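To start, the structure under review is shown below, and the notes come after it.
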Amino acid sequence: MGKEQNLGTRPCWWWTKIQMGNPNFIIILFFLISTALSLKAAPDAAKPVEALPMRYRMIDVTPDLWCDPARQDEVKALTDRLAASGFNAISIGSYKFIPIYFVDYSQTKYPEAQEYSSETVAQNVKTLRENIRYAKSKGIKWFVARTQSFYAPYNFWKVHQAELNPDGIFNTLLAKAHQSDIYSNTLAGKDNIIPQQQWSNPCWRQFFLDSTRLTLDALPELDGFMNAYAEAAWTYDTNKLKENHWNHGPDYWDIGNWEDFVDYPQTEDCFVDYADSLYQMLKEKRGDTMFFGLRDWYITPQMLKRLQIPPQQLVISIKYAGYDQPLINYPPWGKSLLDDGYSVMMDIHEFTAEHPHPIYWYNHDIITETFSNIIAARFAGVVYDGFPTRKPASKDPIALLTDEAVVQALDGKNFTDAKAVKFLKPYYRDGARDLLLSLTKVGIAQEALIKLCPAWFWQGDGLTPGGPQTLKFWQLVDNPDAPPGMAFVRQDVIGVPEYAAKVVAGHAALQKALQEWKREGKKTPYDVIDLMLGSADDAVKAMVAARKKAPANAPFIQDLVASSVIHKEMVLRDVAFIKAGLAYFESGGQYDGRYDNSRELKPTGMDKKDECMKELSAILVHDLILKKLCLEYAPRRPTTREKPGYTHYREIAAVLGKQLDIPAMDTNELTAMTQIITTPAK
């Protein structure tokens with residue numbers, strides 16, 4: 001595992017622009033050097049640092065629990081546990097449009113915006129206020145709402161078509177753009193909000209601000225917001241929309257080039273006015289107790305410098321290091337914002353991380369090192385999405401174990417494997433040690449894969465780079481727009497394109513590179529493959545052994561066995577993906593589906609097209625089995641995220657001058673995997 005932050009030296013587009021004469025060259029150069037030095041100073045993460053006082057130790061909670069009058073005893077028990085664990089802040093959400101739950105619009109100048117009855121709204125307000133007051137009586141200092149922007153209540157949107165959607169100019173966009181599923185669900189009566197509202201529209205802007213003010217009035221105990229100016233928060237060029245000249249060619253989402261209509265400069269202008277307006281409202285309503293937080297999606301340092309908000313009064317939440325993946329290192333731009341004077345928090349999921357969900361994993365080294373790095377950097381705090389309340393997760397020993405490890409890590413303590421075994425003993429008896437070994441091995445394999453797939457991580461969007469969804473070649477490439485490179489993800493691993501380039505350069509160049517990498521303690525993609533395969537095998541063996549030793553009625557035991565088997569199949573698929581990528585780049589492939597659209601093969605003197613096709617076919621074989629296993633046995637989420645078309649792999653094959661056919665299911669392997677899951681312990 002990586003022991004320190006590493007900025008790397010890979011040049012990117014903005015560095016080239018600086019060298020070409022940007023007047024801020026000296027300032028930016030000093031900024032990057034100082035950041036690199038500060039990150040290099042991170043302590044050895046294997047030795048937990050002394051805990052530093054974090055201003056914010058925030059926990060995410062779900063609205064359905066905190067607004068349910070029948071579950072207030074459950075809220076009190078959870079609050080007591082959170083306070084005893086050292087948390088001092090609570091974030092409730094996420095809400096797409098929070099006012100509709102707490103504002104009785106029938107008593108305002110916007111009666112058309114009412115989505116819920118006055119009785120329901122009154123009950124929501126009463127229950128949440130009582131729960132907030134109890135939390136604050138137990139030492140919770142801040143209670144904030146986690147919200148996103150911009151979503152209009154459906155009833156309001158219908159009435160105000162003339163202002164919000166004149167002549168239906170947004171209809172095509174709403175049907176094609178990001179979160180079009182929300183739009184279609186609302187039209188079908190399955191939801192009640194419309195995304196992609198425009199801050200540049202005076203009608204919407206005033207309604208949003210008035211509604212937010214009414215929410216603060218209805219919930220005087222609410223200290224502020226953790227807002228995400230993201231997802232559907234772009235400002236669009238309405239003149240282009242009026243022309244309705246859509247390019248129906250495929251883009252990344254295969255839904256048309258809706259992104260061509262985004263007005264990025266105006267989006268930035270809208271963000272600045274939005275943030276400043278909310279800050280002024282909170283300052284007026286809450287004074288010194290206010291909390292104004294923003295997620296870092298789509299936010300750049302240049303945009304932040306335009307704000308009227310004092311940096312120390314703006315909390316920026318960054319969703320990295322254990323949010324969507326087992327990644328121990330925070331991103332260097334988070335530390336840069338911290339050094340610029342902003343209060344920066346790290347958003348952490350761990351057990352509920354999008355990757356490798358729904359696979360069960362736990363690794364105390366990963367958890368300890370993650371928080372050790374955050375503490376050492378002196379971030380303002382963390383936002384932790386743990387302490388699950390929904391059944392059966394609330395009774396899941398692995399979720400509870402993760403919470404315990406996180407609480408210890410927040411205090412700079414190492415929750416050792418010996419302590420974890422002791423924690424698991426009441427549930428799994430003699431199987432506890434083997435079970436822990438299996439979970440640890442899964443964590444090792446997935447952390448290794450993450451290091452090879454850094455491209456998701458730039459610009460505050462740590463989306464799932466693995467898990468049950470199929471991987472794409474662009475994920476193996478460093479995002480060219482990501483300053484200062486993706487070395488904080490790669491850590492001690494050599495990327496697939498970099499390794500392939502050395503192979504193409506010839507035997508001597510490869511051998512020299514191998515010697516250098518060995519001296520530096522870096523793993524090649526083949527080392528990662530061996531690590532993943534070995535860890536996956538060990539994880540299955542250990543979990544099967546745990547099932548034999550554990551009580552027959554041990555909680556979630558079949559789910560845990562199924563998880564280890566599904567994980568192995570996922571690793572077999574992902575190993576085939578890595579090998580296909582190596583063969584593709586060594587054959588001169590350039591097209592990756594996102595960053596490079598050149599479909600020509602560079603002359604490399606090597607022809608591994610057949611090898612690439614063999615591995616592409618293997619990806620599909622394992623993916624078909626994986627989908628079947630997930631559907632039948634996956635804990636927590638019984639489906640994979642991808643449609644079965646495999647468009648990306650077909651495009652890669654076409655670049656190679658080949659055709660990729662979907663193979664038949666390998667029934668022998670499926671049967672073998674199924675038997676491991678379903679055969680009871682003797």
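Naming scheme: A, B, ... for chains in displayed order of the structure tokens; residues 1 onward per chain; ligands 1 onward as shown.
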Need to verify the contact set: stretch 232-238 of chain A, 6 Å, only C-alpha atoms, exclusion of same-chain residues closer than 3 positions in sequence. Can you return it as a list in words?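 Here the answer would be Ser149, Phe150, Gln196, Gln198, Tyr229, Leu241, Phe261, Val262, Asp263 and Thr267 of chain A.
Residues in contact with A:Gly386 at 8 Å, where only C-alpha atoms are counted and same-chain residues fewer than 3 positions away are skipped, are listed as A:Ile59, A:Asp60, A:His349, A:Glu350, A:Phe351, A:Thr352, A:Ala399, A:Asp403.
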Using Å and a single decimal, report how far atom CA of A:Ser317 sits from atom CA of A:Pro332.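 So the answer is 13.8 Å.
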Looking only at strand (DSSP E or B) from DSSP on the backbone, list the matching residues of stretch 224-283 of chain A as JSON, numbers by chain. {"A": [224, 225, 226, 227, 228, 229, 236, 262]}
Selected residue, from A:Phe371, A:Tyr56, A:Trp297, A:Phe208, that lies nearest to A:Leu327 when counting only C-alpha atoms: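 Under the stated criterion, the closest residue is A:Phe371.
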Any chance you could list, as a PyMOL selection string, the residues in stretch 549-646 of chain A that come up alpha helix (DSSP H) when DSSP is run on the backbone? chain A and resi 549+557-586+609-633
Measuring atom to atom with only C-alpha atoms, identify which of A:Phe379, A:Trp517, A:Trp142, A:Tyr298 is nearest to A:Leu337.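 Of A:Phe379, A:Trp517, A:Trp142, A:Tyr298, the one nearest A:Leu337, counting only C-alpha atoms, is A:Phe379.
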Can you work out which one of A:Tyr183, A:Tyr360, A:Phe87, A:Phe585 has the shortest atom-to-atom distance to A:Lys568, counting only C-alpha atoms? A:Tyr360
Please tabulate, as a Markdown table, the residues of stretch 366-461 of chain A that come within 9 Å of stretch 539-548 of chain A, each with its closest pair of atoms and the distance in Å to one decimal, counting only C-alpha atoms and ordering rows by chain, then residue number upward.
```
| residue | atom | partner | partner_atom | distance |
| --- | --- | --- | --- | --- |
| A:Tyr428 | CA | A:Ala546 | CA | 7.8 |
| A:Asp430 | CA | A:Ala546 | CA | 7.6 |
| A:Gly431 | CA | A:Ala546 | CA | 4.1 |
| A:Ala432 | CA | A:Ala546 | CA | 6.7 |
| A:Arg433 | CA | A:Ala546 | CA | 7.6 |
| A:Asp434 | CA | A:Ala542 | CA | 5.0 |
| A:Leu435 | CA | A:Ala546 | CA | 5.3 |
| A:Leu436 | CA | A:Ala542 | CA | 8.4 |
| A:Leu437 | CA | A:Ala542 | CA | 6.5 |
| A:Ser438 | CA | A:Ala539 | CA | 4.0 |
| A:Leu439 | CA | A:Ala539 | CA | 6.8 |
| A:Thr440 | CA | A:Ala539 | CA | 7.9 |
| A:Lys441 | CA | A:Ala539 | CA | 5.5 |
| A:Val442 | CA | A:Ala539 | CA | 6.3 |
```
Please list as a JSON list (two decimals) with N, CA and C atoms, in the first residue's frame every residue within 12 Å of A:Ser137, counting only C-alpha atoms and excluding residues in the same chain fewer than 4 positions away.
```json
[["chain", "number", "residue", "atom", "x", "y", "z"],
["A", 76, "LYS", "N", -33.34, 8.15, 18.98],
["A", 76, "LYS", "CA", -32.65, 8.46, 20.23],
["A", 76, "LYS", "C", -31.52, 7.48, 20.50],
["A", 79, "THR", "N", -28.72, 8.34, 18.16],
["A", 79, "THR", "CA", -28.08, 9.59, 18.58],
["A", 79, "THR", "C", -27.16, 9.34, 19.76],
["A", 80, "ASP", "N", -27.61, 8.57, 20.73],
["A", 80, "ASP", "CA", -26.77, 8.25, 21.89],
["A", 80, "ASP", "C", -25.49, 7.55, 21.45],
["A", 83, "ALA", "N", -23.16, 10.14, 19.66],
["A", 83, "ALA", "CA", -22.52, 11.04, 20.62],
["A", 83, "ALA", "C", -21.42, 10.31, 21.39],
["A", 88, "ASN", "N", -20.00, 15.05, 16.32],
["A", 88, "ASN", "CA", -20.57, 16.30, 16.80],
["A", 88, "ASN", "C", -21.41, 17.02, 15.75],
["A", 130, "GLU", "N", -38.10, 17.83, 16.85],
["A", 130, "GLU", "CA", -37.93, 17.14, 18.14],
["A", 130, "GLU", "C", -36.65, 16.31, 18.14],
["A", 131, "ASN", "N", -36.38, 15.64, 17.02],
["A", 131, "ASN", "CA", -35.18, 14.81, 16.94],
["A", 131, "ASN", "C", -33.91, 15.65, 16.93],
["A", 132, "ILE", "N", -33.96, 16.80, 16.25],
["A", 132, "ILE", "CA", -32.78, 17.69, 16.25],
["A", 132, "ILE", "C", -32.52, 18.21, 17.65],
["A", 133, "ARG", "N", -33.57, 18.61, 18.34],
["A", 133, "ARG", "CA", -33.38, 19.13, 19.69],
["A", 133, "ARG", "C", -32.78, 18.07, 20.61],
["A", 141, "LYS", "N", -23.41, 19.47, 17.77],
["A", 141, "LYS", "CA", -23.31, 20.93, 17.65],
["A", 141, "LYS", "C", -23.94, 21.46, 16.37],
["A", 142, "TRP", "N", -23.79, 20.71, 15.29],
["A", 142, "TRP", "CA", -24.32, 21.16, 14.00],
["A", 142, "TRP", "C", -25.28, 20.11, 13.44],
["A", 143, "PHE", "N", -26.40, 20.57, 12.93],
["A", 143, "PHE", "CA", -27.34, 19.71, 12.22],
["A", 143, "PHE", "C", -27.65, 20.39, 10.89],
["A", 221, "GLU", "N", -33.94, 24.93, 14.13],
["A", 221, "GLU", "CA", -32.80, 24.19, 14.68],
["A", 221, "GLU", "C", -31.80, 23.78, 13.59]]
```
